[in-house]
Structures are given as structure tokens and as C-alpha cells.
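Undergrad: So that you have it, the file is run27.cif, and it contains mmCIF, C-alpha atoms and all ligand atoms:
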data_run
#
loop_
_atom_site.group_PDB
_atom_site.id
_atom_site.type_symbol
_atom_site.label_atom_id
_atom_site.label_comp_id
_atom_site.auth_asym_id
_atom_site.auth_seq_id
_atom_site.Cartn_x
_atom_site.Cartn_y
_atom_site.Cartn_z
ATOM 1 C CA GLU A 1 38.169 -78.938 -14.451
ATOM 2 C CA LYS A 2 35.492 -76.476 -13.219
ATOM 3 C CA LYS A 3 37.753 -75.484 -10.266
ATOM 4 C CA ASN A 4 40.641 -74.642 -12.618
ATOM 5 C CA ARG A 5 38.369 -72.472 -14.766
ATOM 6 C CA LYS A 6 37.356 -70.524 -11.632
ATOM 7 C CA GLN A 7 41.024 -70.045 -10.711
ATOM 8 C CA ASP A 8 41.790 -68.748 -14.236
ATOM 9 C CA ILE A 9 38.979 -66.206 -13.961
ATOM 10 C CA LYS A 10 40.371 -65.055 -10.595
ATOM 11 C CA LYS A 11 43.844 -64.625 -12.182
ATOM 12 C CA VAL A 12 42.393 -62.514 -15.004
ATOM 13 C CA ASP A 13 40.560 -60.389 -12.416
ATOM 14 C CA PHE A 14 43.809 -59.785 -10.567
ATOM 15 C CA LEU A 15 45.432 -58.536 -13.815
ATOM 16 C CA SER A 16 42.539 -56.257 -14.725
ATOM 17 C CA ASP A 17 42.349 -54.458 -11.367
ATOM 18 C CA MET A 18 46.061 -54.771 -10.491
ATOM 19 C CA GLU A 19 47.114 -51.805 -8.389
ATOM 20 C CA ILE A 20 50.885 -51.519 -7.926
ATOM 21 C CA THR A 21 52.211 -50.323 -4.573
ATOM 22 C CA ALA A 22 55.526 -48.492 -4.043
ATOM 23 C CA ASN A 23 57.157 -51.663 -2.710
ATOM 24 C CA GLU A 24 56.038 -53.719 -5.710
ATOM 25 C CA LEU A 25 57.249 -50.974 -8.087
ATOM 26 C CA LYS A 26 60.628 -50.956 -6.305
ATOM 27 C CA ASN A 27 60.978 -54.720 -6.757
ATOM 28 C CA VAL A 28 59.991 -54.610 -10.447
ATOM 29 C CA LEU A 29 62.332 -51.694 -11.287
ATOM 30 C CA ASN A 30 65.314 -53.161 -9.413
ATOM 31 C CA ARG A 31 64.813 -56.598 -10.990
ATOM 32 C CA VAL A 32 64.890 -55.092 -14.493
ATOM 33 C CA VAL A 33 67.696 -52.613 -13.871
ATOM 34 C CA ALA A 34 69.896 -55.414 -12.470
ATOM 35 C CA LYS A 35 69.819 -56.980 -15.938
ATOM 36 C CA HIS A 36 71.259 -53.817 -17.509
ATOM 37 C CA GLN A 37 74.917 -53.550 -16.504
ATOM 38 C CA GLU A 38 75.191 -50.337 -18.523
ATOM 39 C CA LEU A 39 72.829 -48.567 -16.091
ATOM 40 C CA LYS A 40 74.655 -47.697 -12.873
ATOM 41 C CA THR A 41 72.461 -47.382 -9.805
ATOM 42 C CA GLU A 42 72.407 -48.352 -6.154
ATOM 43 C CA GLY A 43 68.822 -49.294 -6.947
ATOM 44 C CA PHE A 44 65.540 -47.450 -6.716
ATOM 45 C CA THR A 45 64.708 -46.664 -3.092
ATOM 46 C CA LEU A 46 61.232 -47.096 -1.581
ATOM 47 C CA GLU A 47 61.090 -43.309 -1.120
ATOM 48 C CA SER A 48 61.791 -42.717 -4.833
ATOM 49 C CA CYS A 49 59.099 -45.230 -5.769
ATOM 50 C CA ARG A 50 56.601 -43.595 -3.410
ATOM 51 C CA SER A 51 57.319 -40.299 -5.163
ATOM 52 C CA MET A 52 56.976 -41.791 -8.646
ATOM 53 C CA ILE A 53 53.634 -43.297 -7.666
ATOM 54 C CA ALA A 54 52.414 -39.959 -6.254
ATOM 55 C CA LEU A 55 53.467 -38.208 -9.481
ATOM 56 C CA MET A 56 51.805 -40.816 -11.730
ATOM 57 C CA ASP A 57 48.731 -41.549 -9.619
ATOM 58 C CA THR A 58 46.315 -39.593 -11.832
ATOM 59 C CA ASP A 59 43.156 -41.137 -10.314
ATOM 60 C CA GLY A 60 44.295 -40.496 -6.721
ATOM 61 C CA SER A 61 44.022 -44.164 -5.702
ATOM 62 C CA GLY A 62 47.400 -44.089 -3.918
ATOM 63 C CA LYS A 63 48.668 -46.875 -6.185
ATOM 64 C CA LEU A 64 49.251 -47.385 -9.932
ATOM 65 C CA ASN A 65 46.542 -49.114 -11.939
ATOM 66 C CA LEU A 66 47.446 -50.853 -15.196
ATOM 67 C CA GLN A 67 47.027 -47.687 -17.282
ATOM 68 C CA GLU A 68 49.108 -45.506 -14.921
ATOM 69 C CA PHE A 69 51.780 -48.213 -14.667
ATOM 70 C CA ARG A 70 51.892 -48.667 -18.453
ATOM 71 C CA HIS A 71 52.404 -44.925 -18.918
ATOM 72 C CA LEU A 72 55.250 -44.882 -16.374
ATOM 73 C CA TRP A 73 56.793 -48.018 -17.880
ATOM 74 C CA ASN A 74 56.760 -46.614 -21.422
ATOM 75 C CA LYS A 75 58.322 -43.383 -20.174
ATOM 76 C CA ILE A 76 61.117 -45.242 -18.351
ATOM 77 C CA LYS A 77 61.728 -47.326 -21.474
ATOM 78 C CA GLN A 78 62.003 -44.163 -23.595
ATOM 79 C CA TRP A 79 64.133 -42.278 -21.048
ATOM 80 C CA GLN A 80 66.562 -45.169 -20.450
ATOM 81 C CA GLY A 81 67.380 -44.900 -24.167
ATOM 82 C CA THR A 82 68.092 -41.171 -23.776
ATOM 83 C CA PHE A 83 70.245 -41.924 -20.725
ATOM 84 C CA LYS A 84 72.337 -44.465 -22.642
ATOM 85 C CA HIS A 85 72.641 -42.072 -25.608
ATOM 86 C CA TYR A 86 74.203 -39.365 -23.427
ATOM 87 C CA ASP A 87 76.281 -41.751 -21.322
ATOM 88 C CA THR A 88 78.964 -41.532 -24.010
ATOM 89 C CA ASP A 89 81.808 -42.941 -21.860
ATOM 90 C CA MET A 90 79.590 -45.860 -20.734
ATOM 91 C CA SER A 91 80.211 -44.891 -17.090
ATOM 92 C CA GLY A 92 76.605 -45.719 -16.248
ATOM 93 C CA THR A 93 76.125 -42.088 -15.152
ATOM 94 C CA ILE A 94 75.695 -38.844 -17.069
ATOM 95 C CA SER A 95 77.367 -35.533 -16.259
ATOM 96 C CA SER A 96 75.274 -32.533 -15.285
ATOM 97 C CA TYR A 97 76.239 -31.009 -18.637
ATOM 98 C CA GLU A 98 74.933 -34.082 -20.542
ATOM 99 C CA MET A 99 71.841 -33.914 -18.313
ATOM 100 C CA ARG A 100 70.858 -30.582 -19.928
ATOM 101 C CA ASN A 101 70.792 -32.235 -23.369
ATOM 102 C CA ALA A 102 69.064 -35.349 -22.031
ATOM 103 C CA VAL A 103 66.317 -33.282 -20.343
ATOM 104 C CA ASN A 104 65.953 -31.278 -23.553
ATOM 105 C CA ASP A 105 65.771 -34.484 -25.631
ATOM 106 C CA ALA A 106 63.116 -35.799 -23.255
ATOM 107 C CA GLY A 107 61.055 -32.811 -24.404
ATOM 108 C CA PHE A 108 61.338 -30.514 -21.360
ATOM 109 C CA ARG A 109 62.123 -26.835 -21.987
ATOM 110 C CA LEU A 110 63.731 -25.388 -18.853
ATOM 111 C CA ASN A 111 65.970 -22.406 -18.060
ATOM 112 C CA ASN A 112 69.545 -22.266 -16.708
ATOM 113 C CA GLN A 113 68.383 -21.739 -13.141
ATOM 114 C CA LEU A 114 66.340 -24.956 -13.320
ATOM 115 C CA TYR A 115 69.247 -26.948 -14.778
ATOM 116 C CA ASP A 116 71.362 -25.778 -11.826
ATOM 117 C CA ILE A 117 68.583 -26.753 -9.407
ATOM 118 C CA ILE A 118 68.335 -30.218 -11.006
ATOM 119 C CA THR A 119 72.118 -30.668 -10.654
ATOM 120 C CA MET A 120 71.952 -29.632 -6.975
ATOM 121 C CA ARG A 121 69.034 -32.002 -6.324
ATOM 122 C CA TYR A 122 70.095 -35.099 -8.313
ATOM 123 C CA ALA A 123 73.853 -35.056 -9.024
ATOM 124 C CA ASP A 124 76.512 -36.620 -6.778
ATOM 125 C CA GLU A 125 79.635 -34.825 -5.491
ATOM 126 C CA ASN A 126 81.300 -35.290 -8.909
ATOM 127 C CA MET A 127 78.333 -33.652 -10.665
ATOM 128 C CA ASN A 128 77.303 -37.017 -12.132
ATOM 129 C CA ILE A 129 73.744 -38.349 -12.190
ATOM 130 C CA ASP A 130 73.083 -42.072 -11.905
ATOM 131 C CA PHE A 131 70.206 -43.882 -13.580
ATOM 132 C CA ASP A 132 67.627 -43.939 -10.786
ATOM 133 C CA SER A 133 68.201 -40.232 -10.034
ATOM 134 C CA PHE A 134 67.823 -39.504 -13.747
ATOM 135 C CA ILE A 135 64.518 -41.378 -13.952
ATOM 136 C CA CYS A 136 63.137 -39.841 -10.740
ATOM 137 C CA CYS A 137 64.034 -36.376 -12.004
ATOM 138 C CA LEU A 138 62.185 -36.870 -15.309
ATOM 139 C CA VAL A 139 59.169 -38.494 -13.637
ATOM 140 C CA ARG A 140 58.970 -35.454 -11.340
ATOM 141 C CA LEU A 141 59.328 -33.010 -14.249
ATOM 142 C CA GLU A 142 56.577 -34.767 -16.184
ATOM 143 C CA GLY A 143 54.289 -35.018 -13.173
ATOM 144 C CA MET A 144 54.712 -31.369 -12.148
ATOM 145 C CA PHE A 145 54.245 -30.063 -15.713
ATOM 146 C CA ARG A 146 51.065 -32.184 -15.974
ATOM 147 C CA ALA A 147 49.778 -30.906 -12.624
ATOM 148 C CA PHE A 148 50.381 -27.276 -13.678
ATOM 149 C CA HIS A 149 48.533 -27.743 -16.983
ATOM 150 C CA ALA A 150 45.638 -29.419 -15.150
ATOM 151 C CA PHE A 151 45.252 -26.188 -13.131
ATOM 152 C CA ASP A 152 45.858 -23.901 -16.139
ATOM 153 C CA LYS A 153 42.334 -24.358 -17.522
ATOM 154 C CA ASP A 154 42.452 -21.421 -19.971
ATOM 155 C CA GLY A 155 46.007 -22.298 -21.080
ATOM 156 C CA ASP A 156 47.364 -18.798 -20.480
ATOM 157 C CA GLY A 157 50.426 -20.166 -18.667
ATOM 158 C CA LEU A 158 49.295 -18.746 -15.332
ATOM 159 C CA ILE A 159 47.594 -20.529 -12.415
ATOM 160 C CA ARG A 160 46.154 -19.118 -9.219
ATOM 161 C CA LEU A 161 46.406 -21.311 -6.076
ATOM 162 C CA ASN A 162 45.664 -20.709 -2.411
ATOM 163 C CA VAL A 163 48.118 -22.166 0.073
ATOM 164 C CA LEU A 164 46.154 -25.402 0.624
ATOM 165 C CA GLU A 165 45.874 -26.030 -3.138
ATOM 166 C CA TRP A 166 49.631 -25.353 -3.374
ATOM 167 C CA LEU A 167 50.255 -27.872 -0.562
ATOM 168 C CA GLN A 168 48.004 -30.484 -2.229
ATOM 169 C CA LEU A 169 50.205 -30.173 -5.320
ATOM 170 C CA THR A 170 53.582 -30.195 -3.608
ATOM 171 C CA MET A 171 52.961 -32.646 -0.767
ATOM 172 C CA TYR A 172 51.717 -35.484 -2.967
ATOM 173 C CA ALA A 173 54.626 -35.575 -5.396
HETATM 174 O O1 LIG A 201 67.965 -51.899 -23.180
HETATM 175 C C1 LIG A 201 66.864 -51.879 -23.777
HETATM 176 O O2 LIG A 201 66.748 -52.014 -25.007
HETATM 177 C C2 LIG A 201 65.649 -51.701 -22.952
HETATM 178 S S1 LIG A 201 64.162 -51.964 -23.745
HETATM 179 C C3 LIG A 201 65.733 -51.314 -21.636
HETATM 180 C C4 LIG A 201 64.641 -51.072 -20.711
HETATM 181 C C5 LIG A 201 63.285 -51.063 -20.982
HETATM 182 N N1 LIG A 201 62.642 -50.781 -19.833
HETATM 183 C C6 LIG A 201 63.525 -50.598 -18.839
HETATM 184 C C7 LIG A 201 63.316 -50.308 -17.491
HETATM 185 C C8 LIG A 201 64.421 -50.195 -16.694
HETATM 186 BR BR1 LIG A 201 64.162 -49.814 -14.871
HETATM 187 C C9 LIG A 201 65.698 -50.360 -17.184
HETATM 188 C C10 LIG A 201 65.916 -50.646 -18.527
HETATM 189 C C11 LIG A 201 64.813 -50.768 -19.344
HETATM 190 CA CA CA A 202 46.090 -44.638 -9.278
#
Just dump the structure as C-alpha cells.
Ligand SMILES: O=C(O)/C(S)=C/c1c[nH]c2cc(Br)ccc12
Ligand SMILES: [Ca+2]
TA:
Amino acid sequence: EKKNRKQDIKKVDFLSDMEITANELKNVLNRVVAKHQELKTEGFTLESCRSMIALMDTDGSGKLNLQEFRHLWNKIKQWQGTFKHYDTDMSGTISSYEMRNAVNDAGFRLNNQLYDIITMRYADENMNIDFDSFICCLVRLEGMFRAFHAFDKDGDGLIRLNVLEWLQLTMYA
């Protein structure tokens, strides 16, 4: 009986200091997305998951702790709803035009040049964006906005970076 108790404590420990790696995140996301036929994707790649971890790794541990994972998970849950809302023809993808409204609905205020850049970066040859590209795009937008505001101490909308600070921001993203 005593042995079991010890094992239970160990399990709880694992949960409390669980740090999720990119590979584990990839497996979790692909297991869940497989259950949603309405979300078309070739699956989240390891590279995309590495990027999402970098963008969400607020304590710089290189992995996601429970709090960082929970934030990412809640965002994906919210954004998958937005994706489905704009995927009006149930194709499992959204057009670059619908992407503008979806990005706006997700609370990001961009300009036309940025919408074109997002289309170039995330849409396929038919200007459609599939689910994993959509999620990676929004995770990147949220992470980069957060990083800018962390630097913009006085909130005047301007930051001043030297090249190494700029590289720290852009290389771990
Ligand atoms: O269809 C729904 O109501 C929900 S709650 C979907 C999801 C909630 N979290 C998700 C994560 C991934 Br990846 C894909 C789909 C979902
Ligand atoms: Ca972390």
C-alpha cells in the first residue's frame, strides 16, 4: 500500500512540473486534430511545433510548462472556433480573403501589406490556408505582439533594439 502511495506522489509531481517538448506537442495536436474531420491539415510539423514553443515559452525554459501550455491550448481552442466560423463552405481551409476577417476576429489589427504578407507566408497555391497554417500564423502574431510590448516599456508604440536584441527576438520565434 505504501509503495502505491509513493507512486501516486511521483505521478502528481510529474503533472506539476510537466514541461512539454516540441515532439510531445506535435503528438498531442495531431491526435486531437485527427478527431475533427472539419479541420483539414496534413498535420502539425515538428518545425511548426518548435516555433509555437519558442513563441509561447515566456520563461525561456525551451519547453512549455503547464501554464504556458494551458495558454496555448486555450488560444487554439478559441481560434479553431474562428476558423470553423469562416470556413463557410466546410472545405476545411479558409481563403486568404476570409483570413483577413478571421485575423481581425482574433483581435489582431493589421494593415493591407501585412495581410498580403500573411497570404504569401501561409496560403497554398490556391490562396487557401489550412488549419495548422492558420494556427501557426496566429500563434506567431500573438507571440510577436507580446514580445514587442515587453520591449515597449513606456507604451509609446516605439522600441529601440540593437542588432543582437533584434536577433534574440527574431531567432527564437
Ligand atoms: O470542436 C470543438 O468544439 C472543439 S472544443 C475543438 C477543439 C478544442 N481544442 C482543439 C484543438 C485542436 Br488542435 C483542434 C480542435 C480543438
Ligand atoms: Ca517555458
Undergrad: Please tell me which residues are no farther than 12 Å from (79.4, -38.7, -20.4) in the file, counting only C-alpha atoms, and write them as a compact mmCIF listing (two decimals) with C-alpha atoms, in the frame of the given file.
TA:
# COMPACT_ATOMS: atom_id res chain seq x y z
CA PHE A 83 70.24 -41.92 -20.72
CA LYS A 84 72.34 -44.46 -22.64
CA HIS A 85 72.64 -42.07 -25.61
CA TYR A 86 74.20 -39.36 -23.43
CA ASP A 87 76.28 -41.75 -21.32
CA THR A 88 78.96 -41.53 -24.01
CA ASP A 89 81.81 -42.94 -21.86
CA MET A 90 79.59 -45.86 -20.73
CA SER A 91 80.21 -44.89 -17.09
CA GLY A 92 76.60 -45.72 -16.25
CA THR A 93 76.12 -42.09 -15.15
CA ILE A 94 75.69 -38.84 -17.07
CA SER A 95 77.37 -35.53 -16.26
CA SER A 96 75.27 -32.53 -15.28
CA TYR A 97 76.24 -31.01 -18.64
CA GLU A 98 74.93 -34.08 -20.54
CA MET A 99 71.84 -33.91 -18.31
CA ARG A 100 70.86 -30.58 -19.93
CA ASN A 101 70.79 -32.24 -23.37
CA ALA A 102 69.06 -35.35 -22.03
CA MET A 127 78.33 -33.65 -10.66
CA ASN A 128 77.30 -37.02 -12.13
CA ILE A 129 73.74 -38.35 -12.19
CA ASP A 130 73.08 -42.07 -11.90
Undergrad: Write as a PyMOL selection string the residues around ligand LIG 201 (chain A), taking 12 Å as the cut-off and counting all atoms listed in the file.
TA: chain A and resi 25-41+43-44+49+70-85+92+131-136
Undergrad: If you measure from atom CA of Ile117 of chain A to atom CA of Gly155 of chain A, what distance in Å do you get, rounded to one decimal?
TA: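 Going from atom CA of Ile117 of chain A over to atom CA of Gly155 of chain A, I get 25.8 Å.
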Undergrad: Would you name the residues within 7 Å of ligand CA 202 (chain A), counting only C-alpha atoms and all ligand atoms, and put them as a count of residues only?
TA: 10
Undergrad: Once the PyMOL selection byres (((chain A and resi 173) around 12) and not hetatm) has been evaluated on this model, what residues remain selected, and can you format them as a short mmCIF file (atom, residue, chain, number, x, y, z; two decimals) with C-alpha atoms, in the frame of the given file?
TA:
data_model
loop_
_atom_site.label_atom_id
_atom_site.label_comp_id
_atom_site.auth_asym_id
_atom_site.auth_seq_id
_atom_site.Cartn_x
_atom_site.Cartn_y
_atom_site.Cartn_z
CA GLU A 47 61.09 -43.31 -1.12
CA SER A 48 61.79 -42.72 -4.83
CA CYS A 49 59.10 -45.23 -5.77
CA ARG A 50 56.60 -43.60 -3.41
CA SER A 51 57.32 -40.30 -5.16
CA MET A 52 56.98 -41.79 -8.65
CA ILE A 53 53.63 -43.30 -7.67
CA ALA A 54 52.41 -39.96 -6.25
CA LEU A 55 53.47 -38.21 -9.48
CA MET A 56 51.80 -40.82 -11.73
CA ASP A 57 48.73 -41.55 -9.62
CA THR A 58 46.32 -39.59 -11.83
CA GLY A 60 44.30 -40.50 -6.72
CA GLY A 62 47.40 -44.09 -3.92
CA CYS A 136 63.14 -39.84 -10.74
CA CYS A 137 64.03 -36.38 -12.00
CA VAL A 139 59.17 -38.49 -13.64
CA ARG A 140 58.97 -35.45 -11.34
CA LEU A 141 59.33 -33.01 -14.25
CA GLU A 142 56.58 -34.77 -16.18
CA GLY A 143 54.29 -35.02 -13.17
CA MET A 144 54.71 -31.37 -12.15
CA PHE A 145 54.24 -30.06 -15.71
CA ARG A 146 51.06 -32.18 -15.97
CA ALA A 147 49.78 -30.91 -12.62
CA TRP A 166 49.63 -25.35 -3.37
CA LEU A 167 50.26 -27.87 -0.56
CA GLN A 168 48.00 -30.48 -2.23
CA LEU A 169 50.20 -30.17 -5.32
CA THR A 170 53.58 -30.20 -3.61
CA MET A 171 52.96 -32.65 -0.77
CA TYR A 172 51.72 -35.48 -2.97
#
Undergrad: Pick out the closest residue to Gln67 of chain A from this set: A:Ala106, A:Asn23, A:Met18, A:Arg121. Count only C-alpha atoms.
TA: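 For Gln67 of chain A, the nearest of the candidates is A:Met18.
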Undergrad: Please indicate the distance in Å from atom CA of Asn112 of chain A to atom CA of Leu138 of chain A, rounded to one decimal place.
TA: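 According to the coordinates, atom CA of Asn112 of chain A and atom CA of Leu138 of chain A are separated by 16.4 Å.
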Undergrad: Between atom CA of Asp105 of chain A and atom CA of Tyr122 of chain A, what is the distance, to one decimal in Å?
TA: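 Distance reported for this atom pair: 17.9 Å.
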Undergrad: Only N, CA and C atoms, please: segment 35-56 of chain A from the block, as a compact mmCIF listing (two decimals), in the first residue's frame.
TA:
# COMPACT_ATOMS: atom_id res chain seq x y z
N LYS A 35 -9.35 13.99 -34.80
CA LYS A 35 -10.74 13.71 -34.39
C LYS A 35 -11.70 14.74 -34.98
N HIS A 36 -11.14 15.77 -35.63
CA HIS A 36 -12.01 16.84 -36.16
C HIS A 36 -11.91 16.84 -37.68
N GLN A 37 -12.81 16.06 -38.31
CA GLN A 37 -12.77 15.94 -39.78
C GLN A 37 -12.95 17.30 -40.45
N GLU A 38 -13.59 18.22 -39.76
CA GLU A 38 -13.88 19.52 -40.39
C GLU A 38 -12.64 20.42 -40.45
N LEU A 39 -11.52 19.94 -39.85
CA LEU A 39 -10.29 20.75 -39.87
C LEU A 39 -9.27 20.06 -40.77
N LYS A 40 -9.08 20.63 -41.97
CA LYS A 40 -8.18 19.99 -42.93
C LYS A 40 -6.73 20.36 -42.61
N THR A 41 -5.88 19.35 -42.50
CA THR A 41 -4.46 19.63 -42.28
C THR A 41 -3.65 18.39 -42.61
N GLU A 42 -2.42 18.59 -43.09
CA GLU A 42 -1.54 17.44 -43.24
C GLU A 42 -0.89 17.14 -41.89
N GLY A 43 -1.36 17.86 -40.87
CA GLY A 43 -0.78 17.64 -39.53
C GLY A 43 0.21 18.72 -39.19
N PHE A 44 0.37 18.96 -37.92
CA PHE A 44 1.36 19.93 -37.44
C PHE A 44 2.74 19.30 -37.58
N THR A 45 3.66 20.05 -38.18
CA THR A 45 5.03 19.50 -38.33
C THR A 45 5.83 19.80 -37.06
N LEU A 46 6.94 19.08 -36.90
CA LEU A 46 7.82 19.31 -35.74
C LEU A 46 8.32 20.75 -35.77
N GLU A 47 8.63 21.23 -36.98
CA GLU A 47 9.16 22.61 -37.11
C GLU A 47 8.12 23.63 -36.63
N SER A 48 6.86 23.41 -37.00
CA SER A 48 5.80 24.34 -36.56
C SER A 48 5.67 24.30 -35.04
N CYS A 49 5.79 23.10 -34.47
CA CYS A 49 5.65 22.97 -33.01
C CYS A 49 6.85 23.59 -32.30
N ARG A 50 8.04 23.48 -32.90
CA ARG A 50 9.21 24.13 -32.30
C ARG A 50 8.98 25.64 -32.26
N SER A 51 8.40 26.17 -33.34
CA SER A 51 8.14 27.61 -33.43
C SER A 51 7.09 28.03 -32.41
N MET A 52 6.03 27.24 -32.29
CA MET A 52 4.97 27.59 -31.33
C MET A 52 5.51 27.54 -29.91
N ILE A 53 6.42 26.63 -29.63
CA ILE A 53 7.00 26.58 -28.28
C ILE A 53 7.86 27.82 -28.06
N ALA A 54 8.69 28.17 -29.05
CA ALA A 54 9.55 29.36 -28.92
C ALA A 54 8.70 30.60 -28.66
N LEU A 55 7.57 30.70 -29.36
CA LEU A 55 6.71 31.89 -29.25
C LEU A 55 5.96 31.93 -27.93
N MET A 56 5.74 30.76 -27.31
CA MET A 56 4.94 30.69 -26.08
C MET A 56 5.80 30.45 -24.85
